[in-house]
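Colleague: Below you'll find data-v8.txt; it's compact mmCIF, C-alpha atoms (C1' of nucleotides).
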# COMPACT_ATOMS: atom_id res chain seq x y z
CA MET A 1 -10.00 -20.66 -11.93
CA SER A 2 -10.43 -17.62 -9.75
CA PHE A 3 -12.65 -17.59 -6.70
CA GLY A 4 -15.03 -15.08 -8.21
CA SER A 5 -15.49 -16.81 -11.56
CA HIS A 6 -16.01 -20.10 -9.86
CA VAL A 7 -18.72 -18.74 -7.59
CA ARG A 8 -20.41 -17.01 -10.48
CA LEU A 9 -20.50 -20.20 -12.56
CA SER A 10 -21.66 -22.28 -9.63
CA ARG A 11 -24.39 -19.83 -8.68
CA GLU A 12 -25.59 -19.42 -12.27
CA ALA A 13 -25.76 -23.18 -12.72
CA ARG A 14 -28.21 -23.27 -9.83
CA LEU A 15 -30.04 -20.21 -11.08
CA LYS A 16 -31.07 -22.09 -14.21
CA SER A 17 -33.37 -24.31 -12.22
CA ASP A 18 -33.98 -22.16 -9.18
CA ARG A 19 -34.88 -18.49 -9.39
CA SER A 20 -33.79 -17.88 -5.84
CA TYR A 21 -30.14 -18.02 -6.87
CA SER A 22 -29.95 -14.45 -8.12
CA VAL A 23 -27.07 -12.28 -6.93
CA ARG A 24 -29.45 -10.37 -4.75
CA GLN A 25 -31.06 -13.34 -3.08
CA VAL A 26 -27.87 -15.26 -2.49
CA ALA A 27 -26.25 -12.10 -1.16
CA ALA A 28 -29.16 -11.66 1.24
CA ARG A 29 -28.89 -15.27 2.42
CA ILE A 30 -25.17 -15.14 3.08
CA GLY A 31 -25.47 -11.71 4.66
CA VAL A 32 -23.78 -9.26 2.30
CA GLU A 33 -24.86 -6.47 -0.02
CA PRO A 34 -25.71 -7.55 -3.57
CA SER A 35 -23.29 -5.07 -5.13
CA TYR A 36 -20.51 -6.58 -3.04
CA LEU A 37 -21.24 -10.14 -4.12
CA SER A 38 -21.49 -8.91 -7.71
CA LYS A 39 -18.04 -7.40 -7.50
CA VAL A 40 -16.59 -10.45 -5.80
CA GLU A 41 -17.99 -12.69 -8.52
CA ARG A 42 -16.41 -10.53 -11.19
CA ASP A 43 -13.11 -10.60 -9.26
CA GLU A 44 -13.29 -6.88 -8.86
CA GLN A 45 -13.03 -7.35 -5.12
CA PRO A 46 -10.99 -9.97 -3.29
CA PRO A 47 -12.87 -12.91 -1.77
CA PRO A 48 -14.86 -12.20 1.39
CA SER A 49 -14.13 -13.38 4.92
CA GLU A 50 -14.02 -17.03 5.95
CA GLN A 51 -17.42 -16.70 7.56
CA LYS A 52 -19.09 -15.50 4.36
CA ILE A 53 -17.27 -18.12 2.31
CA ARG A 54 -18.67 -20.78 4.63
CA ARG A 55 -22.18 -19.51 4.06
CA LEU A 56 -21.54 -19.44 0.34
CA ALA A 57 -20.28 -23.00 0.40
CA GLU A 58 -23.49 -24.09 2.11
CA GLU A 59 -25.61 -22.22 -0.41
CA LEU A 60 -23.77 -23.69 -3.36
CA ASP A 61 -23.35 -27.07 -1.70
CA GLU A 62 -19.62 -27.03 -2.15
CA ASP A 63 -16.65 -28.21 -0.11
CA VAL A 64 -15.72 -25.44 2.31
CA ASP A 65 -12.03 -26.28 2.33
CA VAL A 66 -11.88 -26.14 -1.45
CA LEU A 67 -13.74 -22.85 -1.64
CA LEU A 68 -11.54 -21.39 1.09
CA ALA A 69 -8.47 -22.62 -0.80
CA MET A 70 -9.67 -20.84 -3.92
CA ALA A 71 -9.81 -17.72 -1.80
CA GLY A 72 -6.24 -18.35 -0.65
CA LYS A 73 -7.37 -19.17 2.86
CA VAL A 74 -7.01 -22.09 5.25
CA SER A 75 -9.86 -22.90 7.59
CA GLU A 76 -9.59 -21.53 11.12
CA ASP A 77 -10.05 -24.96 12.68
CA LEU A 78 -7.10 -26.38 10.74
CA ARG A 79 -4.96 -23.41 11.68
CA HIS A 80 -5.81 -23.98 15.31
CA THR A 81 -4.97 -27.63 15.15
CA ILE A 82 -1.56 -26.76 13.74
CA ILE A 83 -0.96 -23.94 16.19
CA LYS A 84 -1.65 -26.22 19.15
CA ARG A 85 1.19 -28.56 18.15
CA PRO A 86 3.22 -26.55 15.67
CA GLN A 87 6.34 -28.70 15.46
CA LEU A 88 4.44 -31.93 15.11
CA PHE A 89 2.08 -30.73 12.43
CA ALA A 90 4.69 -28.70 10.58
CA GLU A 91 6.86 -31.78 10.29
CA MET A 92 3.88 -33.88 9.28
CA ILE A 93 2.71 -31.54 6.56
CA ARG A 94 6.17 -30.96 5.12
CA GLU A 95 6.77 -34.69 5.08
CA LEU A 96 3.57 -35.28 3.13
CA GLN A 97 3.81 -32.33 0.83
CA ASP A 98 5.21 -34.22 -2.14
CA MET A 99 3.44 -37.50 -1.57
CA PRO A 100 0.89 -38.56 -4.15
CA ASP A 101 -2.73 -38.37 -3.08
CA HIS A 102 -3.19 -42.11 -2.87
CA ALA A 103 -0.29 -42.50 -0.47
CA VAL A 104 -1.67 -39.84 1.84
CA LEU A 105 -5.15 -41.30 1.61
CA ARG A 106 -3.83 -44.75 2.49
CA LEU A 107 -2.26 -43.18 5.51
CA VAL A 108 -5.46 -41.42 6.52
CA ARG A 109 -7.32 -44.70 6.22
CA GLU A 110 -4.75 -46.52 8.30
CA VAL A 111 -5.04 -43.91 10.99
CA ARG A 112 -8.81 -44.08 11.00
CA ASP A 113 -9.02 -47.83 11.10
CA GLY A 114 -5.81 -48.60 12.88
CA ASP A 115 -4.84 -49.33 16.45
CA TRP A 116 -3.35 -45.94 17.09
CA MET B 1 3.04 -17.59 27.60
CA SER B 2 2.44 -14.66 25.29
CA PHE B 3 4.56 -14.04 22.24
CA GLY B 4 5.97 -10.82 23.64
CA SER B 5 6.92 -12.15 27.05
CA HIS B 6 8.53 -15.17 25.49
CA VAL B 7 10.66 -13.07 23.16
CA ARG B 8 11.65 -10.78 25.99
CA LEU B 9 12.75 -13.67 28.19
CA SER B 10 14.59 -15.35 25.38
CA ARG B 11 16.36 -12.20 24.32
CA GLU B 12 17.30 -11.27 27.88
CA ALA B 13 18.70 -14.73 28.50
CA ARG B 14 21.08 -14.11 25.62
CA LEU B 15 21.77 -10.59 26.73
CA LYS B 16 23.33 -11.89 29.93
CA SER B 17 26.27 -13.29 28.06
CA ASP B 18 26.17 -11.18 24.92
CA ARG B 19 25.80 -7.41 24.98
CA SER B 20 24.62 -7.36 21.39
CA TYR B 21 21.21 -8.65 22.44
CA SER B 22 19.86 -5.30 23.54
CA VAL B 23 16.42 -4.26 22.26
CA ARG B 24 18.08 -1.74 19.98
CA GLN B 25 20.59 -4.08 18.44
CA VAL B 26 18.23 -6.98 17.93
CA ALA B 27 15.66 -4.59 16.46
CA ALA B 28 18.29 -3.30 14.04
CA ARG B 29 19.24 -6.83 13.03
CA ILE B 30 15.70 -7.96 12.35
CA GLY B 31 14.85 -4.70 10.64
CA VAL B 32 12.44 -2.84 12.90
CA GLU B 33 12.52 0.23 15.10
CA PRO B 34 13.63 -0.38 18.68
CA SER B 35 10.50 1.22 20.11
CA TYR B 36 8.41 -1.20 18.10
CA LEU B 37 10.27 -4.27 19.35
CA SER B 38 10.03 -2.89 22.87
CA LYS B 39 6.26 -2.62 22.59
CA VAL B 40 5.94 -6.04 21.03
CA GLU B 41 7.97 -7.59 23.86
CA ARG B 42 5.71 -5.96 26.43
CA ASP B 43 2.65 -7.19 24.50
CA GLU B 44 1.60 -3.65 23.94
CA GLN B 45 1.56 -4.33 20.21
CA PRO B 46 0.53 -7.55 18.50
CA PRO B 47 3.30 -9.76 17.11
CA PRO B 48 5.01 -8.56 13.93
CA SER B 49 4.75 -10.05 10.44
CA GLU B 50 5.84 -13.57 9.59
CA GLN B 51 8.97 -12.20 7.94
CA LYS B 52 10.10 -10.38 11.10
CA ILE B 53 9.23 -13.37 13.25
CA ARG B 54 11.45 -15.51 11.05
CA ARG B 55 14.34 -13.13 11.55
CA LEU B 56 13.67 -13.11 15.27
CA ALA B 57 13.66 -16.90 15.37
CA GLU B 58 17.07 -16.94 13.70
CA GLU B 59 18.42 -14.37 16.13
CA LEU B 60 17.13 -16.25 19.14
CA ASP B 61 17.87 -19.65 17.64
CA GLU B 62 14.33 -20.83 18.09
CA ASP B 63 11.96 -23.00 16.11
CA VAL B 64 10.19 -20.80 13.57
CA ASP B 65 6.98 -22.81 13.61
CA VAL B 66 6.76 -22.57 17.37
CA LEU B 67 7.42 -18.85 17.41
CA LEU B 68 4.89 -18.31 14.64
CA ALA B 69 2.38 -20.40 16.58
CA MET B 70 2.88 -18.20 19.62
CA ALA B 71 2.02 -15.29 17.36
CA GLY B 72 -1.13 -17.12 16.26
CA LYS B 73 0.25 -17.68 12.77
CA VAL B 74 0.89 -20.66 10.52
CA SER B 75 3.88 -20.58 8.20
CA GLU B 76 3.21 -19.53 4.62
CA ASP B 77 4.76 -22.69 3.20
CA LEU B 78 2.41 -24.90 5.22
CA ARG B 79 -0.56 -22.83 4.17
CA HIS B 80 0.44 -23.25 0.54
CA THR B 81 0.84 -26.97 0.89
CA ILE B 82 -2.67 -27.20 2.29
CA ILE B 83 -4.15 -24.84 -0.29
CA LYS B 84 -2.74 -26.91 -3.16
CA ARG B 85 -4.67 -29.99 -2.03
CA PRO B 86 -7.26 -28.67 0.41
CA GLN B 87 -9.51 -31.70 0.71
CA LEU B 88 -6.66 -34.10 1.18
CA PHE B 89 -4.85 -32.08 3.80
CA ALA B 90 -7.99 -30.94 5.58
CA GLU B 91 -9.04 -34.54 6.03
CA MET B 92 -5.55 -35.53 7.11
CA ILE B 93 -5.21 -32.80 9.71
CA ARG B 94 -8.68 -33.32 11.15
CA GLU B 95 -8.04 -37.03 11.37
CA LEU B 96 -4.85 -36.45 13.32
CA GLN B 97 -6.05 -33.64 15.48
CA ASP B 98 -6.78 -35.74 18.55
CA MET B 99 -4.06 -38.31 18.11
CA PRO B 100 -1.31 -38.38 20.70
CA ASP B 101 2.05 -37.08 19.57
CA HIS B 102 3.67 -40.50 19.49
CA ALA B 103 1.06 -41.85 17.11
CA VAL B 104 1.53 -38.96 14.72
CA LEU B 105 5.28 -39.27 14.97
CA ARG B 106 5.10 -42.96 14.21
CA LEU B 107 3.17 -42.03 11.10
CA VAL B 108 5.72 -39.46 10.06
CA ARG B 109 8.47 -42.00 10.52
CA GLU B 110 6.61 -44.60 8.48
CA VAL B 111 6.15 -42.10 5.72
CA ARG B 112 9.79 -41.12 5.75
CA ASP B 113 11.13 -44.65 5.80
CA GLY B 114 8.35 -46.38 3.97
CA ASP B 115 7.78 -47.52 0.44
CA TRP B 116 5.39 -44.73 -0.41
C1' DT C 1 -47.64 -0.57 -19.40
C1' DG C 2 -46.27 -0.37 -15.07
C1' DC C 3 -44.37 -2.66 -11.04
C1' DA C 4 -40.96 -5.75 -9.37
C1' DA C 5 -36.83 -7.79 -9.60
C1' DT C 6 -32.26 -7.92 -11.73
C1' DG C 7 -27.10 -6.78 -11.99
C1' DT C 8 -23.84 -3.23 -11.29
C1' DG C 9 -21.46 1.55 -10.83
C1' DT C 10 -19.83 4.91 -7.51
C1' DA C 11 -18.60 6.48 -3.20
C1' DG C 12 -17.59 5.84 1.28
C1' DT C 13 -16.43 3.52 5.95
C1' DA C 14 -14.58 0.94 10.05
C1' DT C 15 -11.08 -1.83 11.70
C1' DA C 16 -6.90 -4.31 11.48
C1' DT C 17 -2.12 -4.83 10.20
C1' DA C 18 2.38 -3.49 10.40
C1' DG C 19 4.86 -0.69 11.28
C1' DT C 20 8.06 4.59 11.50
C1' DA C 21 9.94 8.84 13.66
C1' DT C 22 11.32 11.44 17.35
C1' DA C 23 12.21 12.57 21.82
C1' DC C 24 13.23 11.68 26.51
C1' DA C 25 14.94 9.96 31.01
C1' DG C 26 18.00 6.62 33.08
C1' DT C 27 22.53 3.86 33.24
C1' DA C 28 27.42 2.49 32.27
C1' DC C 29 31.79 3.44 32.23
C1' DA C 30 36.36 5.74 30.46
C1' DT D 1 31.72 14.27 34.19
C1' DG D 2 30.30 13.71 29.83
C1' DT D 3 29.20 10.80 26.10
C1' DA D 4 27.37 6.81 24.44
C1' DC D 5 24.14 3.52 24.90
C1' DT D 6 19.87 1.78 27.07
C1' DG D 7 14.56 1.10 27.09
C1' DT D 8 10.34 3.36 26.27
C1' DA D 9 6.55 7.07 25.69
C1' DT D 10 4.03 9.58 22.27
C1' DA D 11 2.36 10.56 17.96
C1' DC D 12 1.84 9.33 13.43
C1' DT D 13 1.25 6.69 8.92
C1' DA D 14 0.37 3.62 4.92
C1' DT D 15 -1.90 -0.27 3.25
C1' DA D 16 -5.05 -4.01 3.46
C1' DT D 17 -9.36 -6.12 4.80
C1' DA D 18 -14.07 -6.42 4.65
C1' DC D 19 -17.38 -4.63 3.80
C1' DT D 20 -22.15 -0.85 3.38
C1' DA D 21 -25.31 2.51 1.14
C1' DC D 22 -27.48 4.23 -2.62
C1' DA D 23 -28.45 5.11 -7.23
C1' DC D 24 -29.09 3.62 -11.86
C1' DA D 25 -30.42 1.35 -16.19
C1' DT D 26 -32.24 -3.07 -17.80
C1' DT D 27 -35.29 -7.01 -17.99
C1' DG D 28 -39.46 -9.99 -16.91
C1' DC D 29 -44.05 -10.57 -16.78
C1' DA D 30 -49.19 -9.89 -15.12
So that I can check it, write out the structure of this file as structure tokens.
Modeller:
Amino acid sequence: MSFGSHVRLSREARLKSDRSYSVRQVAARIGVEPSYLSKVERDEQPPPSEQKIRRLAEELDEDVDVLLAMAGKVSEDLRHTIIKRPQLFAEMIRELQDMPDHAVLRLVREVRDGDW
Amino acid sequence: MSFGSHVRLSREARLKSDRSYSVRQVAARIGVEPSYLSKVERDEQPPPSEQKIRRLAEELDEDVDVLLAMAGKVSEDLRHTIIKRPQLFAEMIRELQDMPDHAVLRLVREVRDGDW
DNA sequence: TGCAATGTGTAGTATATAGTATACAGTACA
DNA sequence: TGTACTGTATACTATATACTACACATTGCA
């Protein structure tokens, strides 16, 4: 699903039980004009900046990385981590790119718990 | 070191033994105007697009990921890998961000050799 | 029934990105 | 000594990004 449609559905789900989730009020809270958010939600405009997406993720209580991904973006902090050690992380990511989720997760767990 | 200075040094090192590494000729080979490459090398212009950086990396026989990193960029293919499974890779990268190189490398090796 | 709030259409803007085109002065060397 | 090549200065340009400002018709409800 597109970024816009997803946001619209997510916001409207909240709107059902909370009147403060109108386009106008959410727009105000994340710091954009209502007409802009309206257009973004209808995919008439491309997704907003990372900063606004972060605010939106908070509002809608969603995973920032997922929402950013839907917008075709990768979080700044991840980009910086990669840029600091480009060869290492490039190799790492390419190595893991075709691994099933469970294998990668097992690895993450090992790293977290392990004697690294 | 800045992207521009690095490219200049690298190109000039080659120029010493190969006349075809002039600003003009390299610019022609990577597909930009000489004046543009000149400005980029003197950091008077920001680094070029990923595509041009890739061509430059080939010309100078350098690691693309490193050159892209110097330009503040992350390779498209890595970005796509992350965007396909954002939660998984975000967690992975953040988990590894403070690990020493050798620990990460050990992981990569385990993945490559292992029964994943 | 009128005031407030709603979503959206239209038009415009500032800044960044990613360069091109042309001209010019200096150098190399045949 | 002239021509061919060098690096660079100056002036533009096209497209994308990331929005704002304002007006409008519609709906909710006190």
Colleague: Only residues of chain A matter here; which ones have an atom within 7 Å of chain B, counting all atoms listed in the file? Give them as an MDAnalysis selection string.
Modeller: chainID A and resid 65:66 69 72 74 78:79 81 83 86:87 90 92:93 95 97 103 108 116
Colleague: Counting all atoms listed in the file, which residue out of C:DT22, C:DA30, C:DA16, C:DT6 sits closest to DC24 in chain D?
Modeller: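 That would be C:DT6, the residue with the smallest distance to DC24 in chain D.
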Colleague: When the cut-off is 10 Å and we count all atoms listed in the file, which residues of chain B are near chain C, given as a VMD selection string?
Modeller: chain B and resid 32 to 33 35 to 36 45 to 49
Colleague: Which residues of chain B are close to chain D, meaning at most 12 Å apart when you count only C-alpha atoms (C1' of nucleotides), and how do they look as a PDB file with C-alpha atoms, in the frame of the given file?
Modeller:
ATOM      1  CA  ARG B  19      25.800  -7.410  24.980  1.00  0.00           C
ATOM      2  CA  SER B  20      24.620  -7.360  21.390  1.00  0.00           C
ATOM      3  CA  TYR B  21      21.210  -8.650  22.440  1.00  0.00           C
ATOM      4  CA  SER B  22      19.860  -5.300  23.540  1.00  0.00           C
ATOM      5  CA  VAL B  23      16.420  -4.260  22.260  1.00  0.00           C
ATOM      6  CA  ARG B  24      18.080  -1.740  19.980  1.00  0.00           C
ATOM      7  CA  GLN B  25      20.590  -4.080  18.440  1.00  0.00           C
ATOM      8  CA  GLU B  33      12.520   0.230  15.100  1.00  0.00           C
ATOM      9  CA  PRO B  34      13.630  -0.380  18.680  1.00  0.00           C
ATOM     10  CA  SER B  35      10.500   1.220  20.110  1.00  0.00           C
ATOM     11  CA  TYR B  36       8.410  -1.200  18.100  1.00  0.00           C
ATOM     12  CA  LEU B  37      10.270  -4.270  19.350  1.00  0.00           C
ATOM     13  CA  SER B  38      10.030  -2.890  22.870  1.00  0.00           C
ATOM     14  CA  LYS B  39       6.260  -2.620  22.590  1.00  0.00           C
ATOM     15  CA  VAL B  40       5.940  -6.040  21.030  1.00  0.00           C
ATOM     16  CA  GLU B  41       7.970  -7.590  23.860  1.00  0.00           C
ATOM     17  CA  ARG B  42       5.710  -5.960  26.430  1.00  0.00           C
ATOM     18  CA  GLU B  44       1.600  -3.650  23.940  1.00  0.00           C
TER      19      GLU B  44
END
Colleague: Interatomic distance between CA of Ala57 in chain B and CA of Phe3 in chain B?
Modeller: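 Separation of CA of Ala57 in chain B and CA of Phe3 in chain B: 11.8 Å.
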Colleague: CA of Glu62 in chain A to CA of Ser10 in chain A: how many Å, to one decimal?
Modeller: 9.1 Å
Colleague: Could you tell me how far CA of Arg11 in chain B sits from CA of Leu60 in chain B, in Å to one decimal place?
Modeller: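 Here the two named atoms are 6.6 Å from each other.
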